[in-house]
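Asker: So that you have it, the file is work17.pdb, and it contains PDB, C-alpha atoms:
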```pdb
ATOM      1  CA  MET A   1      45.827  -3.625  -1.649
ATOM      2  CA  ASN A   2      42.035  -3.817  -1.868
ATOM      3  CA  THR A   3      40.341  -0.403  -2.124
ATOM      4  CA  ASP A   4      36.866  -1.628  -3.134
ATOM      5  CA  VAL A   5      35.286  -0.530   0.149
ATOM      6  CA  PHE A   6      35.913   3.132  -0.731
ATOM      7  CA  PHE A   7      33.847   2.935  -3.923
ATOM      8  CA  GLY A   8      30.604   2.582  -2.019
ATOM      9  CA  THR A   9      28.836   4.235   0.869
ATOM     10  CA  LEU A  10      30.298   4.078   4.365
ATOM     11  CA  PRO A  11      28.179   5.081   7.357
ATOM     12  CA  ALA A  12      30.074   6.602  10.275
ATOM     13  CA  LEU A  13      28.907   4.535  13.217
ATOM     14  CA  LEU A  14      27.718   6.151  16.429
ATOM     15  CA  THR A  15      28.755   4.650  19.763
ATOM     16  CA  PRO A  16      25.723   3.160  21.537
ATOM     17  CA  CYS A  17      25.819   3.171  25.335
ATOM     18  CA  THR A  18      24.951   0.756  28.105
ATOM     19  CA  PRO A  19      22.902   2.098  31.049
ATOM     20  CA  ASP A  20      26.162   3.074  32.791
ATOM     21  CA  ARG A  21      27.200   5.101  29.728
ATOM     22  CA  LYS A  22      29.912   2.719  28.564
ATOM     23  CA  PRO A  23      30.233   1.638  24.914
ATOM     24  CA  ASP A  24      27.757  -1.091  24.041
ATOM     25  CA  PHE A  25      29.859  -3.153  21.667
ATOM     26  CA  ASP A  26      27.160  -5.757  21.058
ATOM     27  CA  ALA A  27      24.840  -2.995  19.825
ATOM     28  CA  LEU A  28      27.683  -1.469  17.797
ATOM     29  CA  VAL A  29      28.240  -4.714  15.923
ATOM     30  CA  ARG A  30      24.519  -5.249  15.506
ATOM     31  CA  ARG A  31      24.061  -1.846  13.840
ATOM     32  CA  ALA A  32      27.069  -2.451  11.611
ATOM     33  CA  GLN A  33      25.546  -5.721  10.442
ATOM     34  CA  GLU A  34      22.210  -4.011   9.815
ATOM     35  CA  VAL A  35      23.692  -1.306   7.578
ATOM     36  CA  MET A  36      25.793  -3.900   5.751
ATOM     37  CA  ALA A  37      22.633  -5.899   5.078
ATOM     38  CA  ALA A  38      21.080  -2.717   3.680
ATOM     39  CA  GLY A  39      23.860  -2.491   1.086
ATOM     40  CA  MET A  40      26.687  -0.443   2.597
ATOM     41  CA  SER A  41      30.201  -1.307   1.442
ATOM     42  CA  GLY A  42      31.632  -1.041   4.960
ATOM     43  CA  VAL A  43      31.564   1.213   8.005
ATOM     44  CA  VAL A  44      33.706   3.908   9.596
ATOM     45  CA  TYR A  45      34.375   3.734  13.312
ATOM     46  CA  CYS A  46      35.991   6.263  15.621
ATOM     47  CA  GLY A  47      35.343   9.273  13.479
ATOM     48  CA  SER A  48      33.516  12.295  14.869
ATOM     49  CA  CYS A  49      30.196  10.426  14.905
ATOM     50  CA  GLY A  50      31.730   7.717  17.051
ATOM     51  CA  ASP A  51      32.746  10.209  19.763
ATOM     52  CA  TRP A  52      36.398   9.241  19.504
ATOM     53  CA  PRO A  53      37.627  12.017  21.875
ATOM     54  CA  LEU A  54      35.448  10.552  24.650
ATOM     55  CA  LEU A  55      36.671   6.964  24.306
ATOM     56  CA  SER A  56      39.856   5.459  25.711
ATOM     57  CA  GLU A  57      42.375   3.830  23.389
ATOM     58  CA  ALA A  58      41.338   0.449  24.790
ATOM     59  CA  GLU A  59      37.652   1.127  24.099
ATOM     60  CA  ARG A  60      38.374   2.269  20.569
ATOM     61  CA  MET A  61      40.486  -0.772  19.817
ATOM     62  CA  GLU A  62      37.898  -3.125  21.313
ATOM     63  CA  GLY A  63      35.199  -1.636  19.093
ATOM     64  CA  VAL A  64      37.365  -2.066  15.997
ATOM     65  CA  ALA A  65      38.327  -5.616  16.955
ATOM     66  CA  ARG A  66      34.717  -6.599  17.598
ATOM     67  CA  LEU A  67      33.653  -5.241  14.209
ATOM     68  CA  THR A  68      36.421  -7.022  12.311
ATOM     69  CA  ARG A  69      35.738 -10.313  14.126
ATOM     70  CA  ALA A  70      32.141  -9.986  12.997
ATOM     71  CA  GLY A  71      33.330  -9.760   9.388
ATOM     72  CA  VAL A  72      32.458  -6.079   8.949
ATOM     73  CA  PRO A  73      34.845  -4.086   6.715
ATOM     74  CA  VAL A  74      35.782  -1.167   8.958
ATOM     75  CA  ILE A  75      37.666   2.025   8.164
ATOM     76  CA  VAL A  76      39.343   3.156  11.369
ATOM     77  CA  GLY A  77      39.582   6.808  12.401
ATOM     78  CA  THR A  78      42.989   7.726  13.822
ATOM     79  CA  GLY A  79      42.063  10.965  15.594
ATOM     80  CA  ALA A  80      44.212  11.565  18.672
ATOM     81  CA  VAL A  81      45.745  14.413  20.626
ATOM     82  CA  ASN A  82      49.231  13.037  20.052
ATOM     83  CA  THR A  83      50.921  11.151  17.268
ATOM     84  CA  ASN A  84      51.924   8.168  19.407
ATOM     85  CA  SER A  85      48.269   7.399  20.140
ATOM     86  CA  ALA A  86      47.349   7.702  16.461
ATOM     87  CA  VAL A  87      50.200   5.334  15.571
ATOM     88  CA  THR A  88      49.013   2.811  18.160
ATOM     89  CA  LEU A  89      45.476   2.892  16.764
ATOM     90  CA  ALA A  90      46.691   2.521  13.173
ATOM     91  CA  ALA A  91      48.971  -0.407  14.003
ATOM     92  CA  HIS A  92      46.137  -2.117  15.868
ATOM     93  CA  ALA A  93      43.799  -1.616  12.899
ATOM     94  CA  GLN A  94      46.239  -3.447  10.630
ATOM     95  CA  LYS A  95      46.835  -6.188  13.196
ATOM     96  CA  VAL A  96      43.140  -7.063  13.569
ATOM     97  CA  GLY A  97      42.381  -6.898   9.844
ATOM     98  CA  ALA A  98      40.576  -3.599   9.370
ATOM     99  CA  ALA A  99      39.747  -2.559   5.810
ATOM    100  CA  GLY A 100      41.501   0.808   5.901
ATOM    101  CA  LEU A 101      42.335   4.016   7.732
ATOM    102  CA  MET A 102      40.814   7.480   7.882
ATOM    103  CA  VAL A 103      43.835   9.558   8.878
ATOM    104  CA  ILE A 104      42.995  12.652  10.921
ATOM    105  CA  PRO A 105      45.511  15.527  11.189
ATOM    106  CA  ARG A 106      47.572  16.325  14.262
ATOM    107  CA  LEU A 107      45.408  18.265  16.706
ATOM    108  CA  LEU A 108      46.077  21.217  19.008
ATOM    109  CA  SER A 109      49.871  21.051  19.374
ATOM    110  CA  ARG A 110      51.497  22.637  16.278
ATOM    111  CA  GLY A 111      48.349  21.972  14.332
ATOM    112  CA  GLN A 112      49.094  24.728  11.821
ATOM    113  CA  SER A 113      52.648  23.569  11.119
ATOM    114  CA  VAL A 114      53.005  21.887   7.732
ATOM    115  CA  ALA A 115      56.171  20.127   8.921
ATOM    116  CA  ALA A 116      54.425  18.805  12.019
ATOM    117  CA  GLN A 117      51.459  17.590  10.002
ATOM    118  CA  ARG A 118      53.711  15.909   7.470
ATOM    119  CA  ASN A 119      55.551  14.028  10.216
ATOM    120  CA  HIS A 120      52.264  13.081  11.872
ATOM    121  CA  PHE A 121      50.766  11.729   8.657
ATOM    122  CA  LYS A 122      53.973   9.855   7.838
ATOM    123  CA  ALA A 123      54.052   8.141  11.215
ATOM    124  CA  VAL A 124      50.437   7.015  10.982
ATOM    125  CA  LEU A 125      50.748   5.801   7.390
ATOM    126  CA  ALA A 126      53.960   3.926   8.208
ATOM    127  CA  ALA A 127      52.290   2.190  11.165
ATOM    128  CA  ALA A 128      49.838   0.384   8.869
ATOM    129  CA  PRO A 129      51.541   0.107   5.476
ATOM    130  CA  ASP A 130      49.231  -2.667   4.264
ATOM    131  CA  LEU A 131      46.009  -0.712   4.843
ATOM    132  CA  PRO A 132      44.643   1.694   2.224
ATOM    133  CA  ALA A 133      44.325   5.110   3.834
ATOM    134  CA  ILE A 134      42.509   8.338   3.111
ATOM    135  CA  ILE A 135      43.304  11.712   4.644
ATOM    136  CA  TYR A 136      40.367  13.369   6.380
ATOM    137  CA  ASN A 137      40.049  17.071   5.626
ATOM    138  CA  SER A 138      37.702  18.970   7.930
ATOM    139  CA  PRO A 139      37.541  22.603   9.052
ATOM    140  CA  TYR A 140      36.698  21.294  12.525
ATOM    141  CA  TYR A 141      40.172  19.789  12.807
ATOM    142  CA  GLY A 142      41.780  23.132  12.029
ATOM    143  CA  TYR A 143      44.093  22.030   9.237
ATOM    144  CA  SER A 144      43.527  21.760   5.514
ATOM    145  CA  THR A 145      45.767  19.343   3.645
ATOM    146  CA  LYS A 146      46.693  20.764   0.245
ATOM    147  CA  ALA A 147      47.930  19.086  -2.909
ATOM    148  CA  ASP A 148      51.653  19.614  -2.328
ATOM    149  CA  LEU A 149      51.620  17.843   1.037
ATOM    150  CA  PHE A 150      49.288  15.104  -0.178
ATOM    151  CA  PHE A 151      51.537  14.132  -3.062
ATOM    152  CA  ALA A 152      54.724  14.436  -1.017
ATOM    153  CA  LEU A 153      53.225  11.900   1.383
ATOM    154  CA  ARG A 154      51.934   9.684  -1.411
ATOM    155  CA  ALA A 155      55.408   9.524  -2.971
ATOM    156  CA  GLU A 156      56.663   7.822   0.181
ATOM    157  CA  HIS A 157      53.552   5.953   1.340
ATOM    158  CA  LYS A 158      51.779   3.997  -1.373
ATOM    159  CA  ASN A 159      48.958   3.110   0.999
ATOM    160  CA  LEU A 160      47.735   6.722   0.815
ATOM    161  CA  ILE A 161      45.056   6.264  -1.814
ATOM    162  CA  GLY A 162      42.620   9.121  -1.395
ATOM    163  CA  PHE A 163      40.975  12.008   0.296
ATOM    164  CA  LYS A 164      37.835  12.518   2.368
ATOM    165  CA  GLU A 165      36.606  16.097   2.109
ATOM    166  CA  PHE A 166      34.250  17.343   4.813
ATOM    167  CA  GLY A 167      34.167  20.945   3.577
ATOM    168  CA  GLY A 168      31.660  22.542   1.251
ATOM    169  CA  LYS A 169      31.421  22.868  -2.513
ATOM    170  CA  ALA A 170      34.577  24.950  -2.867
ATOM    171  CA  ASP A 171      36.621  22.466  -0.821
ATOM    172  CA  LEU A 172      35.338  19.494  -2.808
ATOM    173  CA  SER A 173      36.062  21.303  -6.047
ATOM    174  CA  TYR A 174      39.609  22.123  -4.887
ATOM    175  CA  ALA A 175      40.212  18.481  -3.992
ATOM    176  CA  ALA A 176      38.922  17.391  -7.395
ATOM    177  CA  GLU A 177      40.892  19.973  -9.357
ATOM    178  CA  HIS A 178      44.216  19.777  -7.548
ATOM    179  CA  ILE A 179      44.391  16.348  -5.897
ATOM    180  CA  THR A 180      42.162  13.587  -7.155
ATOM    181  CA  HIS A 181      42.473  14.414 -10.854
ATOM    182  CA  GLN A 182      46.271  14.486 -10.839
ATOM    183  CA  GLU A 183      46.516  10.695 -10.750
ATOM    184  CA  ALA A 184      43.815   8.327 -11.952
ATOM    185  CA  ASP A 185      43.994   6.052  -8.912
ATOM    186  CA  VAL A 186      43.591   8.786  -6.275
ATOM    187  CA  LEU A 187      40.080   8.598  -4.819
ATOM    188  CA  LEU A 188      37.799  11.356  -3.574
ATOM    189  CA  MET A 189      35.095  10.633  -1.024
ATOM    190  CA  VAL A 190      32.351  13.042  -0.010
ATOM    191  CA  GLY A 191      32.658  13.480   3.722
ATOM    192  CA  VAL A 192      29.760  15.795   4.544
ATOM    193  CA  ASP A 193      26.092  14.859   4.282
ATOM    194  CA  THR A 194      24.964  18.118   2.674
ATOM    195  CA  GLU A 195      27.169  17.811  -0.413
ATOM    196  CA  VAL A 196      26.661  14.270  -1.728
ATOM    197  CA  TYR A 197      25.231  15.454  -5.049
ATOM    198  CA  HIS A 198      27.929  18.083  -5.651
ATOM    199  CA  GLY A 199      30.732  15.775  -4.564
ATOM    200  CA  ILE A 200      29.721  12.921  -6.862
ATOM    201  CA  VAL A 201      28.262  14.803  -9.842
ATOM    202  CA  LYS A 202      30.429  17.926  -9.895
ATOM    203  CA  ALA A 203      33.675  16.743  -8.290
ATOM    204  CA  GLY A 204      33.925  13.100  -9.323
ATOM    205  CA  ALA A 205      33.767  11.496  -5.883
ATOM    206  CA  VAL A 206      33.641   7.708  -6.028
ATOM    207  CA  GLY A 207      31.809   7.235  -2.743
ATOM    208  CA  ALA A 208      30.533   8.834   0.427
ATOM    209  CA  ILE A 209      31.241   8.662   4.136
ATOM    210  CA  THR A 210      27.977   9.584   5.782
ATOM    211  CA  GLY A 211      26.626  10.364   9.213
ATOM    212  CA  ILE A 212      22.942  10.579   8.330
ATOM    213  CA  GLY A 213      23.280   7.290   6.438
ATOM    214  CA  THR A 214      23.760   5.530   9.751
ATOM    215  CA  ILE A 215      20.163   6.452  10.552
ATOM    216  CA  PHE A 216      18.718   6.314   7.027
ATOM    217  CA  PRO A 217      20.775   3.706   5.135
ATOM    218  CA  GLN A 218      18.202   2.987   2.405
ATOM    219  CA  GLU A 219      17.639   6.655   1.686
ATOM    220  CA  VAL A 220      21.321   7.584   1.506
ATOM    221  CA  LEU A 221      22.211   4.547  -0.587
ATOM    222  CA  LEU A 222      19.531   5.697  -3.020
ATOM    223  CA  GLN A 223      20.892   9.247  -2.947
ATOM    224  CA  VAL A 224      24.372   7.995  -3.825
ATOM    225  CA  ALA A 225      23.081   5.683  -6.555
ATOM    226  CA  LEU A 226      21.027   8.475  -8.146
ATOM    227  CA  SER A 227      23.988  10.849  -7.968
ATOM    228  CA  LYS A 228      26.276   8.326  -9.647
ATOM    229  CA  LYS A 229      23.704   7.782 -12.385
ATOM    230  CA  ALA A 230      23.385  11.550 -12.757
ATOM    231  CA  ALA A 231      27.161  11.838 -13.068
ATOM    232  CA  ALA A 232      26.961   9.330 -15.924
ATOM    233  CA  GLY A 233      24.600  11.685 -17.775
ATOM    234  CA  CYS A 234      21.049  10.654 -16.833
ATOM    235  CA  PRO A 235      18.836  13.776 -16.596
ATOM    236  CA  GLU A 236      16.067  12.017 -14.674
ATOM    237  CA  ALA A 237      18.546  10.744 -12.084
ATOM    238  CA  ASP A 238      20.011  14.238 -11.804
ATOM    239  CA  LEU A 239      16.581  15.669 -11.014
ATOM    240  CA  ARG A 240      15.700  12.946  -8.519
ATOM    241  CA  ALA A 241      19.073  13.160  -6.767
ATOM    242  CA  ARG A 242      18.590  16.895  -6.239
ATOM    243  CA  GLU A 243      15.018  16.378  -5.009
ATOM    244  CA  LEU A 244      16.165  13.849  -2.450
ATOM    245  CA  GLU A 245      19.080  15.991  -1.317
ATOM    246  CA  ASN A 246      16.761  18.960  -0.827
ATOM    247  CA  ALA A 247      14.281  16.892   1.189
ATOM    248  CA  LEU A 248      17.063  15.510   3.376
ATOM    249  CA  SER A 249      18.850  18.854   3.743
ATOM    250  CA  VAL A 250      17.747  19.806   7.259
ATOM    251  CA  LEU A 251      18.569  16.422   8.769
ATOM    252  CA  ALA A 252      21.796  16.225   6.770
ATOM    253  CA  ALA A 253      22.850  19.653   8.046
ATOM    254  CA  PHE A 254      23.104  18.240  11.575
ATOM    255  CA  ASP A 255      26.339  16.663  10.289
ATOM    256  CA  GLU A 256      27.888  20.123  10.060
ATOM    257  CA  GLY A 257      27.168  21.247  13.621
ATOM    258  CA  VAL A 258      28.742  20.728  17.019
ATOM    259  CA  ASP A 259      25.743  18.720  18.239
ATOM    260  CA  LEU A 260      25.816  16.211  15.398
ATOM    261  CA  VAL A 261      26.185  13.171  17.687
ATOM    262  CA  LEU A 262      23.336  14.323  19.912
ATOM    263  CA  TYR A 263      21.033  14.839  16.931
ATOM    264  CA  PHE A 264      21.991  11.588  15.232
ATOM    265  CA  LYS A 265      21.500   9.587  18.423
ATOM    266  CA  HIS A 266      18.091  11.194  18.913
ATOM    267  CA  LEU A 267      17.181  10.202  15.361
ATOM    268  CA  MET A 268      18.251   6.631  16.100
ATOM    269  CA  VAL A 269      15.905   6.576  19.087
ATOM    270  CA  LEU A 270      13.111   7.865  16.861
ATOM    271  CA  LYS A 271      13.869   4.898  14.585
ATOM    272  CA  GLY A 272      13.381   2.562  17.543
ATOM    273  CA  HIS A 273      16.970   2.002  18.701
ATOM    274  CA  GLU A 274      16.858   2.637  22.456
ATOM    275  CA  GLU A 275      20.548   1.801  22.892
ATOM    276  CA  TYR A 276      21.351   5.236  21.456
ATOM    277  CA  ARG A 277      19.336   7.206  24.011
ATOM    278  CA  LEU A 278      22.287   7.900  26.310
ATOM    279  CA  ASN A 279      25.466   9.812  25.578
ATOM    280  CA  ILE A 280      28.854   9.084  27.130
ATOM    281  CA  ASN A 281      28.798  12.405  28.996
ATOM    282  CA  ARG A 282      25.704  12.790  31.166
ATOM    283  CA  THR A 283      25.464  16.524  30.397
ATOM    284  CA  ASP A 284      25.564  16.042  26.605
ATOM    285  CA  VAL A 285      21.867  16.411  25.770
ATOM    286  CA  LEU A 286      19.754  18.272  23.265
ATOM    287  CA  SER A 287      17.668  21.122  24.604
ATOM    288  CA  PRO A 288      13.882  20.517  24.560
ATOM    289  CA  SER A 289      13.531  22.846  21.571
ATOM    290  CA  GLN A 290      16.322  21.095  19.672
ATOM    291  CA  ALA A 291      14.709  17.720  20.327
ATOM    292  CA  SER A 292      11.294  18.989  19.230
ATOM    293  CA  PHE A 293      12.738  20.482  16.042
ATOM    294  CA  CYS A 294      14.584  17.245  15.276
ATOM    295  CA  GLU A 295      11.415  15.199  15.740
ATOM    296  CA  GLU A 296       9.388  17.490  13.500
ATOM    297  CA  GLN A 297      11.968  17.274  10.727
ATOM    298  CA  PHE A 298      12.279  13.505  11.114
ATOM    299  CA  HIS A 299       8.552  12.953  10.681
ATOM    300  CA  ARG A 300       8.327  15.433   7.807
ATOM    301  CA  PHE A 301      11.115  13.723   5.897
ATOM    302  CA  THR A 302       9.820  10.186   6.494
ATOM    303  CA  ARG A 303       6.347  11.168   5.253
ATOM    304  CA  TRP A 304       7.818  12.853   2.167
ATOM    305  CA  PHE A 305      10.140   9.943   1.356
ATOM    306  CA  GLY A 306       7.364   7.396   1.758
ATOM    307  CA  ALA A 307       5.352   9.153  -0.947
ATOM    308  CA  TRP A 308       8.239  10.217  -3.210
ATOM    309  CA  VAL A 309       9.887   6.800  -3.447
ATOM    310  CA  THR A 310       6.787   5.207  -5.017
ATOM    311  CA  GLN A 311       7.119   7.133  -8.302
ATOM    312  CA  GLY A 312       9.065   4.421 -10.091
ATOM    313  CA  GLY A 313      11.292   5.220 -13.050
ATOM    314  CA  VAL A 314      14.934   5.843 -12.201
ATOM    315  CA  ILE A 315      14.108   5.751  -8.485
ATOM    316  CA  ALA A 316      13.036   2.115  -8.777
ATOM    317  CA  GLU A 317      16.066   1.349 -10.947
ATOM    318  CA  CYS A 318      18.409   2.646  -8.243
ATOM    319  CA  MET A 319      16.722   0.994  -5.266
TER     320      MET A 319
END
```
Take the structure in the file and give it back as structure tokens.
Answerer:
Amino acid sequence: MNTDVFFGTLPALLTPCTPDRKPDFDALVRRAQEVMAAGMSGVVYCGSCGDWPLLSEAERMEGVARLTRAGVPVIVGTGAVNTNSAVTLAAHAQKVGAAGLMVIPRLLSRGQSVAAQRNHFKAVLAAAPDLPAIIYNSPYYGYSTKADLFFALRAEHKNLIGFKEFGGKADLSYAAEHITHQEADVLLMVGVDTEVYHGIVKAGAVGAITGIGTIFPQEVLLQVALSKKAAAGCPEADLRARELENALSVLAAFDEGVDLVLYFKHLMVLKGHEEYRLNINRTDVLSPSQASFCEEQFHRFTRWFGAWVTQGGVIAECM
């Protein structure tokens, strides 16, 4: 079972729209190829950034199939309001040759039941036994998978190889202390854009799943590379990684809010990608003040990065 894709940086793809607000799969594949050319190890599709609750099962599976046919290593999000749907999506991912699964907890119905979550996770993992899978922990999904459940599942499903933590420093530290350092081959991935440095340097994460990296692939790849070099003991890389994280902090914080897709799509338009101007729901739009704030922060960061990146030293080494 090949887990190499998890040791890099994985942007969570947004869903571009056609003028009639349907998924634009040609543009989806095109963006995936662009971030792969920039140096990403693969992509995630049908996570929160991909608007999975707004897509039909058929649309989600078509997007995954189009990406795999294009040769893009794709980690498939299994979020669903019922287990049968999640199982269908996982089985399809294995059938079309996806690179792995991002397994999202059972939502709404019995979401706080450990027994229900265990049975949900088991069904999804069993549906794609040949795909390496990571459990996605996020406060937005209302359930936090702890070490006892993780290892009970792993004892029965060898394709469960790691953990994506979307929470803050304390959550990443818990995952490191109680889950990913119990067994040497259990992987931790940073799942929130604001904690890349902490996750890699302080919690031993091997890679990152990133929303903001879909918009700024070069910058986030550099952030991850500097953080990994800092984790290996390089003081200059440690300083530069923290400088970059601080400069990116406002844009990265969009990842933590309910309007993350709206902000990230607006940033894509600012980068020249008109296919991200529309959202699936016509009423899903930023307010004028939100849009203005986003634009101000975008231009501020791009000016700062353009000057900062020219300093050479460890920055040049990690480019």
Asker: Taking a cut-off of 8 Å and counting all atoms listed in the file, can you build a table that, for each residue of stretch 2-116 of chain A near stretch 216-225 of chain A, reports the nearest atom pair and how far apart they are in Å (one decimal), sorted by chain then residue number, as JSON lines?
Answerer:
```
{"residue": "A:Thr9", "atom": "CA", "partner": "A:Leu221", "partner_atom": "CA", "distance": 6.8}
{"residue": "A:Pro11", "atom": "CA", "partner": "A:Pro217", "partner_atom": "CA", "distance": 7.9}
{"residue": "A:Val35", "atom": "CA", "partner": "A:Pro217", "partner_atom": "CA", "distance": 6.3}
{"residue": "A:Ala38", "atom": "CA", "partner": "A:Gln218", "partner_atom": "CA", "distance": 6.5}
{"residue": "A:Gly39", "atom": "CA", "partner": "A:Leu221", "partner_atom": "CA", "distance": 7.4}
{"residue": "A:Met40", "atom": "CA", "partner": "A:Leu221", "partner_atom": "CA", "distance": 7.4}
```
Asker: Got a sec to resolve the PyMOL selection byres ((chain A and resi 187-199) around 6) on this structure and send the residues as number ranges by chain?
Answerer: A: 162-166, 180, 186, 200-203, 205-210, 227, 252-253
Asker: Could you check how far atom CA of A:Glu62 sits from atom CA of A:Ala90, in Å to one decimal?
Answerer: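 One can read the atom CA of A:Glu62 to atom CA of A:Ala90 distance as 13.2 Å.
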Asker: Pick out the residues sitting within 12 Å of A:Gly313, and hand them over as a VMD selection string; count all atoms listed in the file, and ignore anything fewer than 3 positions along from it in its own chain.
Answerer: chain A and resid 226 234 to 237 239 to 240 308 to 310 316 to 319
Asker: Store the residues picked out above in a file with C-alpha atoms, as a CSV table (one decimal), in the frame of the given file.
Answerer:
```csv
chain,number,residue,atom,x,y,z
A,226,LEU,CA,21.0,8.5,-8.1
A,234,CYS,CA,21.0,10.7,-16.8
A,235,PRO,CA,18.8,13.8,-16.6
A,236,GLU,CA,16.1,12.0,-14.7
A,237,ALA,CA,18.5,10.7,-12.1
A,239,LEU,CA,16.6,15.7,-11.0
A,240,ARG,CA,15.7,12.9,-8.5
A,308,TRP,CA,8.2,10.2,-3.2
A,309,VAL,CA,9.9,6.8,-3.4
A,310,THR,CA,6.8,5.2,-5.0
A,316,ALA,CA,13.0,2.1,-8.8
A,317,GLU,CA,16.1,1.3,-10.9
A,318,CYS,CA,18.4,2.6,-8.2
A,319,MET,CA,16.7,1.0,-5.3
```
Asker: Excluding stretch 51-60 of chain A and its own-chain neighbours fewer than 2 positions away, which residues fall within 8 Å of it when counting all atoms listed in the file? Please give them as a PyMOL selection string.
Answerer: chain A and resi 14-15+23+46-49+62-64+79-80+85+89+261+280
Asker: Counting all atoms listed in the file, which of A:Ile104, A:Ala86, A:Ala93, A:Val29 gets nearest to A:Ile135?
Answerer: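 The shortest atom-to-atom distance to A:Ile135 comes from A:Ile104.
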Asker: Considering only C-alpha atoms, state which residue in the set A:Asp171, A:Asp148, A:Glu295, A:Glu256 is at the smallest distance from A:Val114.
Answerer: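 Comparing A:Asp171, A:Asp148, A:Glu295, A:Glu256 against A:Val114, the winner is A:Asp148.
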Asker: Quick one: pull the distance between atom CA of A:Tyr276 and atom CA of A:Ser138, Å, one decimal.
Answerer: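 Those two atoms sit 25.3 Å apart.
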Asker: Dump as an NGL selection string all residues having an atom at most 12 Å from (29.3, -7.0, 23.5), computed in the file's coordinates with only C-alpha atoms.
Answerer: :A and (16-18 or 22-30 or 59 or 62-63 or 65-67 or 69-70)
Asker: My list of candidates is A:Ala170, A:Leu267, A:Ile134, A:Ile161. Which is closest to A:Ala184 when distances are computed with all atoms listed in the file?
Answerer: A:Ile161
Asker: Near A:Glu296, within 12 Å and counting all atoms listed in the file, which residues show up once chain neighbours fewer than 6 positions away are dropped, as a PDB file with C-alpha atoms, in the coordinates of the input?
Answerer:
```pdb
ATOM      1  CA  VAL A 250      17.747  19.806   7.259  1.00  0.00           C
ATOM      2  CA  LEU A 251      18.569  16.422   8.769  1.00  0.00           C
ATOM      3  CA  LEU A 267      17.181  10.202  15.361  1.00  0.00           C
ATOM      4  CA  LEU A 270      13.111   7.865  16.861  1.00  0.00           C
ATOM      5  CA  SER A 289      13.531  22.846  21.571  1.00  0.00           C
ATOM      6  CA  GLN A 290      16.322  21.095  19.672  1.00  0.00           C
ATOM      7  CA  THR A 302       9.820  10.186   6.494  1.00  0.00           C
ATOM      8  CA  ARG A 303       6.347  11.168   5.253  1.00  0.00           C
TER       9      ARG A 303
END
```
Asker: Put a box with edges along x, y and z around all the listed atoms of stretch 238-251 of chain A, pad it by 6 Å on each side, then give me its centre and sizes in Å, one decimal, as JSON.
Answerer:
```
{"center_x": 17.1, "center_y": 16.4, "center_z": -1.5, "size_x": 17.7, "size_y": 18.9, "size_z": 32.6}
```
Asker: Take the PyMOL selection byres ((chain A and resi 132) around 7), run it mentally on this structure, and tell me the resulting residues as JSON, numbers by chain.
Answerer: {"A": [1, 3, 100, 101, 130, 131, 133, 159, 160, 161]}
Asker: Give the answer as one residue: which of A:His266, A:Lys228, A:Arg154, A:Lys122 has the shortest atom-to-atom distance to A:Gly204, using all atoms listed in the file?
Answerer: A:Lys228
Asker: When you count only C-alpha atoms, which of these residues is closest to A:Tyr140: A:Phe264, A:Gly71, A:Arg277, A:Leu107?
Answerer: A:Leu107
Asker: For atom CA of A:Leu262 and atom CA of A:Gly306, determine how far apart the two atoms are, in Å to one decimal place.
Answerer: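 Interatomic distance, atom CA of A:Leu262 to atom CA of A:Gly306: 25.2 Å.
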Asker: Residues picked by the PyMOL selection byres ((chain A and resi 144) around 10) here, as an NGL selection string?
Answerer: :A and (105 or 112 or 114 or 136-143 or 145-147 or 165 or 167 or 171)
